[in-house]
Protein chains: 4
Amino acid sequence: MTTRSEPFRVAVLGATGAVGQRFVTLLTGHPWFELTALAASERSAGRTYRDAVSWIQTRPIDETVAAMSVHTIDELMDHDFDVVFSALDASVARDIEPEFARRSLVVTNASAHRMDEGVPLLVPEVNPDHLALLPAAEDGADLPRGIVANPNCSTIGLVLALKPLASAFGFDRIFVSTLQAVSGAGLPGVSSYQILDNVIPWIPGEEEKLEIETGKILGRVRAGTIEPAEVAVSAQCNRVPVVDGHTLCVSVDLKGDPRLEDVREAWRSFRAAPQELGLPSAPAQPTVYLGDDAPPQARVHRDLGRGMTTSIGRLRECPILGYRFVALSHNTLRGAAGGALLAAELAVSRCARRGGE
Amino acid sequence: MTTRSEPFRVAVLGATGAVGQRFVTLLTGHPWFELTALAASERSAGRTYRDAVSWIQTRPIDETVAAMSVHTIDELMDHDFDVVFSALDASVARDIEPEFARRSLVVTNASAHRMDEGVPLLVPEVNPDHLALLPAAEDGADLPRGIVANPNCSTIGLVLALKPLASAFGFDRIFVSTLQAVSGAGLPGVSSYQILDNVIPWIPGEEEKLEIETGKILGRVRAGTIEPAEVAVSAQCNRVPVVDGHTLCVSVDLKGDPRLEDVREAWRSFRAAPQELGLPSAPAQPTVYLGDDAPPQARVHRDLGRGMTTSIGRLRECPILGYRFVALSHNTLRGAAGGALLAAELAVSRCARRGGE
Amino acid sequence: MTTRSEPFRVAVLGATGAVGQRFVTLLTGHPWFELTALAASERSAGRTYRDAVSWIQTRPIDETVAAMSVHTIDELMDHDFDVVFSALDASVARDIEPEFARRSLVVTNASAHRMDEGVPLLVPEVNPDHLALLPAAEDGADLPRGIVANPNCSTIGLVLALKPLASAFGFDRIFVSTLQAVSGAGLPGVSSYQILDNVIPWIPGEEEKLEIETGKILGRVRAGTIEPAEVAVSAQCNRVPVVDGHTLCVSVDLKGDPRLEDVREAWRSFRAAPQELGLPSAPAQPTVYLGDDAPPQARVHRDLGRGMTTSIGRLRECPILGYRFVALSHNTLRGAAGGALLAAELAVSRCARRGGE
Amino acid sequence: MTTRSEPFRVAVLGATGAVGQRFVTLLTGHPWFELTALAASERSAGRTYRDAVSWIQTRPIDETVAAMSVHTIDELMDHDFDVVFSALDASVARDIEPEFARRSLVVTNASAHRMDEGVPLLVPEVNPDHLALLPAAEDGADLPRGIVANPNCSTIGLVLALKPLASAFGFDRIFVSTLQAVSGAGLPGVSSYQILDNVIPWIPGEEEKLEIETGKILGRVRAGTIEPAEVAVSAQCNRVPVVDGHTLCVSVDLKGDPRLEDVREAWRSFRAAPQELGLPSAPAQPTVYLGDDAPPQARVHRDLGRGMTTSIGRLRECPILGYRFVALSHNTLRGAAGGALLAAELAVSRCARRGGE
């Protein structure tokens, strides 16, 4: 795809946390990216990654990565990386990410800069054109700089399910209630004493993120900024005792009274830039429709498309908004590290090709 | 409360199942009702209750009840009971319950007759006046006959949360998504292999029940029948790995733009017939408002009011319908055996008092 | 029972944590003890208890307690309390508890002083005579001073199940593997991301505690110190996704080849000082035998005897040690706050009676 | 490996259940075996596999298999298959399997014939020589006939962990307590209402299987039959709320006082016939030692070696038997369908090579 022969040099910030571990796992053996540096908190710095991390992935740590030293974030700040993946907490990310963004492309899972004017809030199949917000490379470099933000994990599944409907029919109003996995809260995240045999129908800040991010992602680039889509979103977010996979119950007022079969077909036929470009992390299908009687289930379907496919089912009429369905998205793959990786692939793919002309 | 000195004679049909066990537990030591007969399937008949039941309640079986013989349903059909509690499957209940209803008051948790024209679908705090549907006692008996149906377990929590709002403000449209406990499916019910680390966003028939029962319960008695309330309900029902307690995320279009404080106050001040009559199973408060930042949680709040109180929290504005909140109700207490018991108490209380005049 | 007419003045240290909340709940309405002060970390101090605590008990906070101010531990150090309940972390408890023990009876759930020579490691039904280790009241006070330690939560269930066997038969060797609830790790304790759909077969330090504490508790008072029982304990400890209740699989080499029926009878007939004295928190039966085919189950049986009874079942022969069975104990009631409360009741009961003579 | 050029023709009996689905999944794309027929109960017969099955695997059904017709077992009885995989219930398997075994190699996961004298109870890395029990092919056929039984799922993990120790040191006595996943009970298996927030410390028949099967598997072929190993096994079996993966806590009296490092090395270096023969389903390492401080965890480690590797950790001294450790094995892969598949590969590999000479 790209014309470069050497791999892109990559660093991961916040490498020991739940999302950081996912980045490390996905980068192992990646055809374009080479993991060259790991940073984490002061407590971990100076130790090998193996010693610093409390590894919870089912795939064992790659031996080469396990032997790498963990750095402080400050130690990496003067280095040149092509891409920096950030799994930092939002509070730390706020100041740190712009520093790295002066030299590198920063793709971040943190919420700190998502709503910044110049920052694309990117879901590669949904709004690839938003990459145009990135500052043009001024000095002939063939790679972009700046920050690309990954949306909130529950937003990503929602907009992937909505995008084919936005393109085909349009809508103004969305009801969504979520049943979110505990991994979305990271490590240590939610105490088991609080969530076992329980539902916690409140995730602070989550509903606001869903309601505001959706408009930006579905918006249009106008004069170097994003004009948000005019859509009212009402979200109710719940934490449930599930390891991975966010379930979304959605109602939407599709325009033009489409037949249910046309709606199903919109999801089945949906393909976008990552599929057309053949990006390494792109799933063959961004959305699959499982069936009218086939509900997407967290444990059964979250790994479809290596965790990058949004599963949809149970399309039926809604007595209030017209249409309703259920969607499921893997929150730490598509919704975090996998989504960020795909965003990076899209960004470097476009720019590398442009540079290669 | 009642003028009778002797207790009411009570039978339980389907006594060995999950709801049947709850009936047996709640009837132990009841001040008005005396458990005099137990019926279950052919497989259990002839054995003592202790031997026939796979007891899963945390309170041990009462020794007297444990020693009782389990009968077939046919064996009980000629006997005179004041009240028959039915925890039968809907398929069995359809033919059996009308037979018992010729001699006794049948209070049923089965869905078979819920939508029958002459059957009150009773939530004692919500529509006590619907008892007027029961056939008048023709022969001077002081006790009612006929069938009183307990609504679906998720409907009960919904209408309890809605009733104070219906009285104070009114509404036309309701969105509700549910997160329902596995006990709602009875025993054996949902396989653990299917629900552990999973959400199943489909409970066959459940959404339809919520959508149709709500209108009947909130309706008015007109000329010996129920005129349903005109309310559009859009429900999405999910099974979650929780033992007991159904969580409901609700949006509603309250009329008259009430202040949030007035809505909260409607729940706080709600009292109804069961409280006024001091019925034995009535909670002091049918609804409690936990707070704007206090979500009702299944494990923490399901036992409030001995499982008979609906907990509500997180009232806030909804961008689409105006108001939204979260409610929680214990599905096998208020939503099944406890609700049926309270219904029976209401029915005999009114009639016994009338008879005693 | 006691000759005092006024209640004992009580403080709780570490009042906002999981065990602290249990202390507060159990002390509400207690017939002998009056909760007069609450202490927690600097972060909580100065706030009302309602504001400082993240309440997770199913019984709502008592309104009077909710309005109490939370103090720092230092603030309480000069006050006179009859009994101080400590739910502090071991690291904090080490220095703090001896300070309070100079003026008051300190009953602690922390592990810091459990193996101290002068500290009774008390399970009231098992080794009530170990209270003789407490320093005699020198100044005519009718109440004891010093530290009484609650054993580890898994040890308590084990020694309660073993005590009747020790009295009736004796033994030298014990195998025990545990399946422990997450509440044993407190709050936040075990991350849900780590324990959902998982078993963690390692609880650091737990096996050592079981192996060493058992000998001390079953030991004898000799010349003002404890001579440990000579018993080899091999423990394997596992964390499982259960809220409350530790399950123990035990094998033991009972002496004298007792018949299984004699072993069952030892558990059934077991009564001890708390039952004889009628202590407020004493269960009617410290141990119950559920049956050969009746395994004690965490959710079903943990609340027997208000969480103070150890349930036992499945006694059968062991091909290696001769006898094996399963036991279950509630780890935050009997195993923490409830056990400590019963220990305090025993201590003040004896001394108050002595003082009253 | 084999000299045959055409694939072996394979049927699966009991194809719609939990283990049957695993067989179907593992056979899809298998290099030696071709799935040619599916049988299930009368209820499923005549439907396509897609319609008959309630698919719960994370990998979608292969489209070709999904379109296959499901037969009754009787319909397949006259057909010639090279290998028949049986996932039947023990009660059905008892009579059916010998019928198929007259024409084909039957590899069964059912318990019905495990202890039959002429039936190898096979774990390919542990007792490959037991295949000698199979009747010699009398008519020049190059493939074996008869029944090969897969041991109980918890036994398999145990003997894999023990085999390297048996070879290097020997032992007489084993304590094992298990924490078993719900998938071991199949579908519907354990009710979620019974296992959520619970441990069930009783799996009927399981302890007996562990105690008797271990001796047969570790035994020697003598004069055409198996002489069991003389080893006393004491098992306590528990069901826990885990999806897949059986955890085993083991104590063992290794002979010759080996150093802990020698024990670790026995597991690390263990290789056997399946590895030497390069069987398609053989893991690179049958056993891995994770570390002294690294407990094998069901969710984290069950998929090692594509679910065919037994993970071991926490080797330490046992005060009673000398050595103890924790082992983990995937109960529906290695412990059921995967183990049976590997057994079939071993059987046809040897015989095919023999036939090819």
# chains A, B, ... in the order shown; residues from 1 in each chain; ligands from 1

$ closest_atom_pairs --of "chain C" --to "chain D" --cutoff "7 Å" --atoms "only C-alpha atoms" --output "tab-separated table"
residue	atom	partner	partner_atom	distance
C:Ser177	CA	D:Ser177	CA	6.8
C:Asp197	CA	D:Val242	CA	4.4
C:Asn198	CA	D:Ala298	CA	5.2
C:Val199	CA	D:Gln297	CA	5.9
C:Ile200	CA	D:Gln297	CA	5.7
C:Pro201	CA	D:Pro295	CA	5.9
C:Trp202	CA	D:Pro295	CA	6.4
C:Ala232	CA	D:Pro319	CA	6.4
C:Val233	CA	D:Pro319	CA	6.7
C:Ser234	CA	D:Pro319	CA	5.7
C:Gln236	CA	D:Cys249	CA	6.7
C:Pro241	CA	D:Asp197	CA	6.7
C:Val242	CA	D:Asp197	CA	4.4
C:Val243	CA	D:Asp197	CA	6.0
C:Cys249	CA	D:Gln236	CA	6.7
C:Pro295	CA	D:Pro201	CA	5.9
C:Gln297	CA	D:Ile200	CA	5.7
C:Ala298	CA	D:Asn198	CA	5.2
C:Arg299	CA	D:Asn198	CA	5.2
C:Cys318	CA	D:Ser234	CA	6.1
C:Pro319	CA	D:Ser234	CA	5.7
C:Ile320	CA	D:Ser234	CA	6.5

$ select_by_dssp --residues "segment 116-201 of chain C" --states "helix (DSSP H, G or I)" --output "JSON, numbers by chain"
{"C": [128, 129, 130, 131, 132, 133, 153, 154, 155, 156, 157, 158, 159, 160, 161, 162, 163, 164, 165, 166, 167, 168, 182, 183, 184, 185, 192, 193, 194, 195]}

$ write_last_selection --atoms "N, CA and C atoms" --output "JSON list (two decimals), in the first residue's frame"
[["chain", "number", "residue", "atom", "x", "y", "z"],
["C", 128, "PRO", "N", -12.66, -19.35, 73.60],
["C", 128, "PRO", "CA", -13.02, -18.24, 74.50],
["C", 128, "PRO", "C", -12.04, -18.08, 75.65],
["C", 129, "ASP", "N", -11.41, -19.17, 76.05],
["C", 129, "ASP", "CA", -10.45, -19.09, 77.16],
["C", 129, "ASP", "C", -9.21, -18.28, 76.82],
["C", 130, "HIS", "N", -8.96, -18.04, 75.52],
["C", 130, "HIS", "CA", -7.78, -17.25, 75.15],
["C", 130, "HIS", "C", -7.91, -15.80, 75.60],
["C", 131, "LEU", "N", -9.09, -15.37, 75.97],
["C", 131, "LEU", "CA", -9.26, -14.01, 76.50],
["C", 131, "LEU", "C", -8.44, -13.80, 77.76],
["C", 132, "ALA", "N", -8.03, -14.89, 78.39],
["C", 132, "ALA", "CA", -7.20, -14.77, 79.60],
["C", 132, "ALA", "C", -5.87, -14.09, 79.31],
["C", 133, "LEU", "N", -5.51, -14.01, 78.03],
["C", 133, "LEU", "CA", -4.26, -13.32, 77.67],
["C", 133, "LEU", "C", -4.34, -11.81, 77.90],
["C", 153, "CYS", "N", -10.34, -14.21, 57.46],
["C", 153, "CYS", "CA", -11.72, -14.62, 57.18],
["C", 153, "CYS", "C", -11.84, -16.08, 56.78],
["C", 154, "SER", "N", -10.86, -16.63, 56.10],
["C", 154, "SER", "CA", -10.97, -18.04, 55.71],
["C", 154, "SER", "C", -10.62, -18.95, 56.89],
["C", 155, "THR", "N", -9.75, -18.48, 57.77],
["C", 155, "THR", "CA", -9.41, -19.28, 58.95],
["C", 155, "THR", "C", -10.61, -19.49, 59.85],
["C", 156, "ILE", "N", -11.44, -18.46, 59.97],
["C", 156, "ILE", "CA", -12.56, -18.52, 60.90],
["C", 156, "ILE", "C", -13.52, -19.65, 60.54],
["C", 157, "GLY", "N", -13.89, -19.74, 59.27],
["C", 157, "GLY", "CA", -14.77, -20.82, 58.86],
["C", 157, "GLY", "C", -14.12, -22.18, 59.11],
["C", 158, "LEU", "N", -12.83, -22.26, 58.85],
["C", 158, "LEU", "CA", -12.13, -23.53, 59.02],
["C", 158, "LEU", "C", -12.15, -23.98, 60.48],
["C", 159, "VAL", "N", -11.77, -23.10, 61.39],
["C", 159, "VAL", "CA", -11.67, -23.53, 62.79],
["C", 159, "VAL", "C", -13.05, -23.76, 63.40],
["C", 160, "LEU", "N", -14.06, -23.05, 62.91],
["C", 160, "LEU", "CA", -15.41, -23.35, 63.41],
["C", 160, "LEU", "C", -15.83, -24.76, 63.00],
["C", 161, "ALA", "N", -15.50, -25.14, 61.77],
["C", 161, "ALA", "CA", -15.84, -26.49, 61.33],
["C", 161, "ALA", "C", -14.99, -27.54, 62.05],
["C", 162, "LEU", "N", -13.77, -27.17, 62.41],
["C", 162, "LEU", "CA", -12.86, -28.15, 63.01],
["C", 162, "LEU", "C", -13.03, -28.30, 64.52],
["C", 163, "LYS", "N", -13.48, -27.24, 65.19],
["C", 163, "LYS", "CA", -13.49, -27.28, 66.65],
["C", 163, "LYS", "C", -14.27, -28.47, 67.21],
["C", 164, "PRO", "N", -15.49, -28.75, 66.72],
["C", 164, "PRO", "CA", -16.21, -29.91, 67.27],
["C", 164, "PRO", "C", -15.44, -31.21, 67.04],
["C", 165, "LEU", "N", -14.69, -31.27, 65.94],
["C", 165, "LEU", "CA", -13.92, -32.47, 65.63],
["C", 165, "LEU", "C", -12.69, -32.56, 66.52],
["C", 166, "ALA", "N", -12.10, -31.40, 66.82],
["C", 166, "ALA", "CA", -10.95, -31.38, 67.72],
["C", 166, "ALA", "C", -11.38, -31.86, 69.11],
["C", 167, "SER", "N", -12.54, -31.40, 69.55],
["C", 167, "SER", "CA", -13.01, -31.78, 70.89],
["C", 167, "SER", "C", -13.36, -33.26, 70.95],
["C", 168, "ALA", "N", -13.98, -33.77, 69.89],
["C", 168, "ALA", "CA", -14.50, -35.13, 69.96],
["C", 168, "ALA", "C", -13.49, -36.19, 69.55],
["C", 182, "VAL", "N", -14.92, -12.17, 46.53],
["C", 182, "VAL", "CA", -14.16, -10.94, 46.27],
["C", 182, "VAL", "C", -14.26, -9.94, 47.42],
["C", 183, "SER", "N", -15.32, -10.00, 48.19],
["C", 183, "SER", "CA", -15.45, -9.03, 49.29],
["C", 183, "SER", "C", -14.33, -9.21, 50.31],
["C", 184, "GLY", "N", -13.72, -10.39, 50.33],
["C", 184, "GLY", "CA", -12.61, -10.60, 51.24],
["C", 184, "GLY", "C", -11.43, -9.68, 50.96],
["C", 185, "ALA", "N", -11.36, -9.15, 49.76],
["C", 185, "ALA", "CA", -10.27, -8.25, 49.40],
["C", 185, "ALA", "C", -10.64, -6.79, 49.63],
["C", 192, "SER", "N", -12.69, -5.98, 38.58],
["C", 192, "SER", "CA", -13.65, -6.84, 37.87],
["C", 192, "SER", "C", -13.05, -7.34, 36.56],
["C", 193, "TYR", "N", -12.19, -6.55, 35.95],
["C", 193, "TYR", "CA", -11.57, -6.96, 34.69],
["C", 193, "TYR", "C", -10.72, -8.21, 34.89],
["C", 194, "GLN", "N", -10.26, -8.42, 36.11],
["C", 194, "GLN", "CA", -9.40, -9.58, 36.36],
["C", 194, "GLN", "C", -10.16, -10.81, 36.82],
["C", 195, "ILE", "N", -11.31, -10.65, 37.43],
["C", 195, "ILE", "CA", -11.96, -11.81, 38.04],
["C", 195, "ILE", "C", -13.20, -12.29, 37.29]]

$ residues_around --residues "Arg220 of chain A" --least-positions-apart "6" --cutoff "8 Å" --atoms "only C-alpha atoms" --output "list in words"
His130, Ile226, Glu227, Pro228 and Ala229 of chain A

$ select_by_dssp --residues "segment 72-120 of chain B" --states "strand (DSSP E)" --output "list of chain:residue names"
B:Val83, B:Val84, B:Phe85, B:Ser86, B:Leu105, B:Val106, B:Val107, B:Thr108

$ write_last_selection --atoms "C-alpha atoms" --output "PDB file, in the first residue's frame"
ATOM      1  CA  VAL B  83     -57.195 -18.014  47.472  1.00  0.00           C
ATOM      2  CA  VAL B  84     -55.204 -19.989  44.915  1.00  0.00           C
ATOM      3  CA  PHE B  85     -51.807 -18.644  43.933  1.00  0.00           C
ATOM      4  CA  SER B  86     -50.688 -19.847  40.532  1.00  0.00           C
ATOM      5  CA  LEU B 105     -59.928 -16.185  43.934  1.00  0.00           C
ATOM      6  CA  VAL B 106     -57.050 -17.118  41.657  1.00  0.00           C
ATOM      7  CA  VAL B 107     -54.069 -14.758  41.731  1.00  0.00           C
ATOM      8  CA  THR B 108     -51.713 -15.730  38.984  1.00  0.00           C
TER       9      THR B 108
END

$ residues_around --residues "segment 47-51 of chain C" --least-positions-apart "6" --cutoff "8 Å" --atoms "only C-alpha atoms" --output "PyMOL selection string"
chain C and resi 16+38+61+65-70

$ closest_residue --among "D:Val92, D:Ala337, D:Val231, D:Ala273" --to "Leu218 of chain D" --atoms "only C-alpha atoms"
D:Val231

$ residues_around --residues "Ala112 of chain D" --least-positions-apart "4" --cutoff "12 Å" --atoms "only C-alpha atoms" --output "mmCIF file with N, CA and C atoms, in the first residue's frame"
data_model
loop_
_atom_site.group_PDB
_atom_site.id
_atom_site.type_symbol
_atom_site.label_atom_id
_atom_site.label_comp_id
_atom_site.auth_asym_id
_atom_site.auth_seq_id
_atom_site.Cartn_x
_atom_site.Cartn_y
_atom_site.Cartn_z
ATOM 1 N N SER D 86 -18.011 -39.006 18.719
ATOM 2 C CA SER D 86 -19.262 -39.071 19.464
ATOM 3 C C SER D 86 -19.281 -38.052 20.598
ATOM 4 N N ALA D 87 -20.281 -37.179 20.527
ATOM 5 C CA ALA D 87 -20.542 -36.236 21.610
ATOM 6 C C ALA D 87 -21.911 -36.545 22.212
ATOM 7 N N LEU D 88 -22.237 -37.838 22.220
ATOM 8 C CA LEU D 88 -23.547 -38.265 22.728
ATOM 9 C C LEU D 88 -23.568 -38.252 24.253
ATOM 10 N N ASP D 89 -24.775 -38.207 24.807
ATOM 11 C CA ASP D 89 -24.930 -38.425 26.236
ATOM 12 C C ASP D 89 -24.550 -39.869 26.555
ATOM 13 N N ALA D 90 -24.037 -40.053 27.768
ATOM 14 C CA ALA D 90 -23.577 -41.388 28.154
ATOM 15 C C ALA D 90 -24.680 -42.420 27.999
ATOM 16 N N SER D 91 -25.900 -42.051 28.320
ATOM 17 C CA SER D 91 -26.999 -43.029 28.289
ATOM 18 C C SER D 91 -27.254 -43.519 26.862
ATOM 19 N N VAL D 92 -27.144 -42.645 25.913
ATOM 20 C CA VAL D 92 -27.335 -43.024 24.508
ATOM 21 C C VAL D 92 -26.094 -43.730 23.982
ATOM 22 N N ALA D 93 -24.944 -43.237 24.397
ATOM 23 C CA ALA D 93 -23.679 -43.748 23.867
ATOM 24 C C ALA D 93 -23.482 -45.225 24.172
ATOM 25 N N ARG D 94 -24.001 -45.665 25.302
ATOM 26 C CA ARG D 94 -23.729 -47.036 25.754
ATOM 27 C C ARG D 94 -24.051 -48.073 24.667
ATOM 28 N N ASP D 95 -25.201 -47.966 24.060
ATOM 29 C CA ASP D 95 -25.588 -48.962 23.053
ATOM 30 C C ASP D 95 -25.144 -48.591 21.642
ATOM 31 N N ILE D 96 -25.102 -47.302 21.365
ATOM 32 C CA ILE D 96 -24.854 -46.849 19.998
ATOM 33 C C ILE D 96 -23.382 -47.000 19.597
ATOM 34 N N GLU D 97 -22.511 -46.607 20.460
ATOM 35 C CA GLU D 97 -21.104 -46.557 20.076
ATOM 36 C C GLU D 97 -20.549 -47.917 19.663
ATOM 37 N N PRO D 98 -20.857 -49.014 20.389
ATOM 38 C CA PRO D 98 -20.340 -50.315 19.923
ATOM 39 C C PRO D 98 -20.830 -50.666 18.524
ATOM 40 N N THR D 108 -14.779 -41.111 21.363
ATOM 41 C CA THR D 108 -15.943 -40.623 22.084
ATOM 42 C C THR D 108 -15.577 -39.763 23.283
ATOM 43 N N ASP D 116 -14.284 -49.664 30.175
ATOM 44 C CA ASP D 116 -14.337 -50.989 29.537
ATOM 45 C C ASP D 116 -12.921 -51.524 29.340
ATOM 46 N N VAL D 119 -11.085 -50.828 25.967
ATOM 47 C CA VAL D 119 -11.153 -49.459 25.441
ATOM 48 C C VAL D 119 -10.011 -48.619 25.996
ATOM 49 N N LEU D 121 -8.341 -45.447 27.278
ATOM 50 C CA LEU D 121 -8.782 -44.160 27.829
ATOM 51 C C LEU D 121 -7.603 -43.228 27.550
ATOM 52 N N ILE D 147 -13.423 -48.591 19.928
ATOM 53 C CA ILE D 147 -13.714 -47.352 20.641
ATOM 54 C C ILE D 147 -12.462 -46.835 21.326
ATOM 55 N N VAL D 148 -12.203 -45.552 21.128
ATOM 56 C CA VAL D 148 -11.187 -44.855 21.918
ATOM 57 C C VAL D 148 -11.936 -43.811 22.740
ATOM 58 N N ALA D 149 -11.747 -43.837 24.059
ATOM 59 C CA ALA D 149 -12.489 -42.914 24.917
ATOM 60 C C ALA D 149 -11.619 -41.758 25.369
ATOM 61 N N ASN D 150 -12.232 -40.602 25.347
ATOM 62 C CA ASN D 150 -11.638 -39.400 25.912
ATOM 63 C C ASN D 150 -11.949 -39.414 27.409
ATOM 64 N N PRO D 151 -10.978 -39.179 28.268
ATOM 65 C CA PRO D 151 -11.302 -39.147 29.702
ATOM 66 C C PRO D 151 -12.190 -37.951 30.036
ATOM 67 N N ASN D 152 -12.631 -37.938 31.262
ATOM 68 C CA ASN D 152 -13.361 -36.815 31.828
ATOM 69 C C ASN D 152 -12.529 -35.533 31.695
ATOM 70 N N LYS D 209 -14.963 -40.161 38.955
ATOM 71 C CA LYS D 209 -14.282 -40.281 37.659
ATOM 72 C C LYS D 209 -12.811 -39.914 37.792
#

$ atom_distance --atom1 "atom CA of Ala11 of chain B" --atom2 "atom CA of Gly305 of chain C"
29.4 Å

$ residues_around --residues "segment 279-282 of chain A" --least-positions-apart "5" --cutoff "10 Å" --atoms "only C-alpha atoms" --output "number ranges by chain"
A: 1-2, 26, 30-32, 124-125, 272-274, 305-309, 334, 338-346, 349

$ write_last_selection --atoms "C-alpha atoms" --output "mmCIF file, in the first residue's frame"
data_model
loop_
_atom_site.group_PDB
_atom_site.id
_atom_site.type_symbol
_atom_site.label_atom_id
_atom_site.label_comp_id
_atom_site.auth_asym_id
_atom_site.auth_seq_id
_atom_site.Cartn_x
_atom_site.Cartn_y
_atom_site.Cartn_z
ATOM 1 C CA MET A 1 0.000 0.000 0.000
ATOM 2 C CA THR A 2 2.594 2.484 1.046
ATOM 3 C CA LEU A 26 -1.661 -5.537 18.029
ATOM 4 C CA HIS A 30 2.408 -5.490 12.314
ATOM 5 C CA PRO A 31 3.446 -5.163 8.668
ATOM 6 C CA TRP A 32 3.910 -1.374 8.672
ATOM 7 C CA PRO A 124 -11.811 5.423 9.610
ATOM 8 C CA GLU A 125 -14.882 3.968 7.898
ATOM 9 C CA ALA A 272 -15.374 2.385 3.127
ATOM 10 C CA ALA A 273 -11.860 3.728 2.749
ATOM 11 C CA PRO A 274 -10.100 1.186 5.006
ATOM 12 C CA GLY A 305 -13.497 -9.363 12.123
ATOM 13 C CA ARG A 306 -10.766 -9.729 14.764
ATOM 14 C CA GLY A 307 -12.777 -7.451 17.006
ATOM 15 C CA MET A 308 -13.104 -4.725 14.358
ATOM 16 C CA THR A 309 -16.566 -5.538 13.007
ATOM 17 C CA ARG A 334 -12.417 -1.509 17.712
ATOM 18 C CA GLY A 338 -7.642 -1.468 17.273
ATOM 19 C CA GLY A 339 -9.543 1.627 16.236
ATOM 20 C CA ALA A 340 -6.538 3.838 16.924
ATOM 21 C CA LEU A 341 -4.281 1.536 14.965
ATOM 22 C CA LEU A 342 -6.635 1.591 11.987
ATOM 23 C CA ALA A 343 -6.729 5.383 12.216
ATOM 24 C CA ALA A 344 -2.968 5.502 12.111
ATOM 25 C CA GLU A 345 -2.885 3.162 9.146
ATOM 26 C CA LEU A 346 -5.317 5.389 7.309
ATOM 27 C CA SER A 349 -1.382 5.424 4.088
#
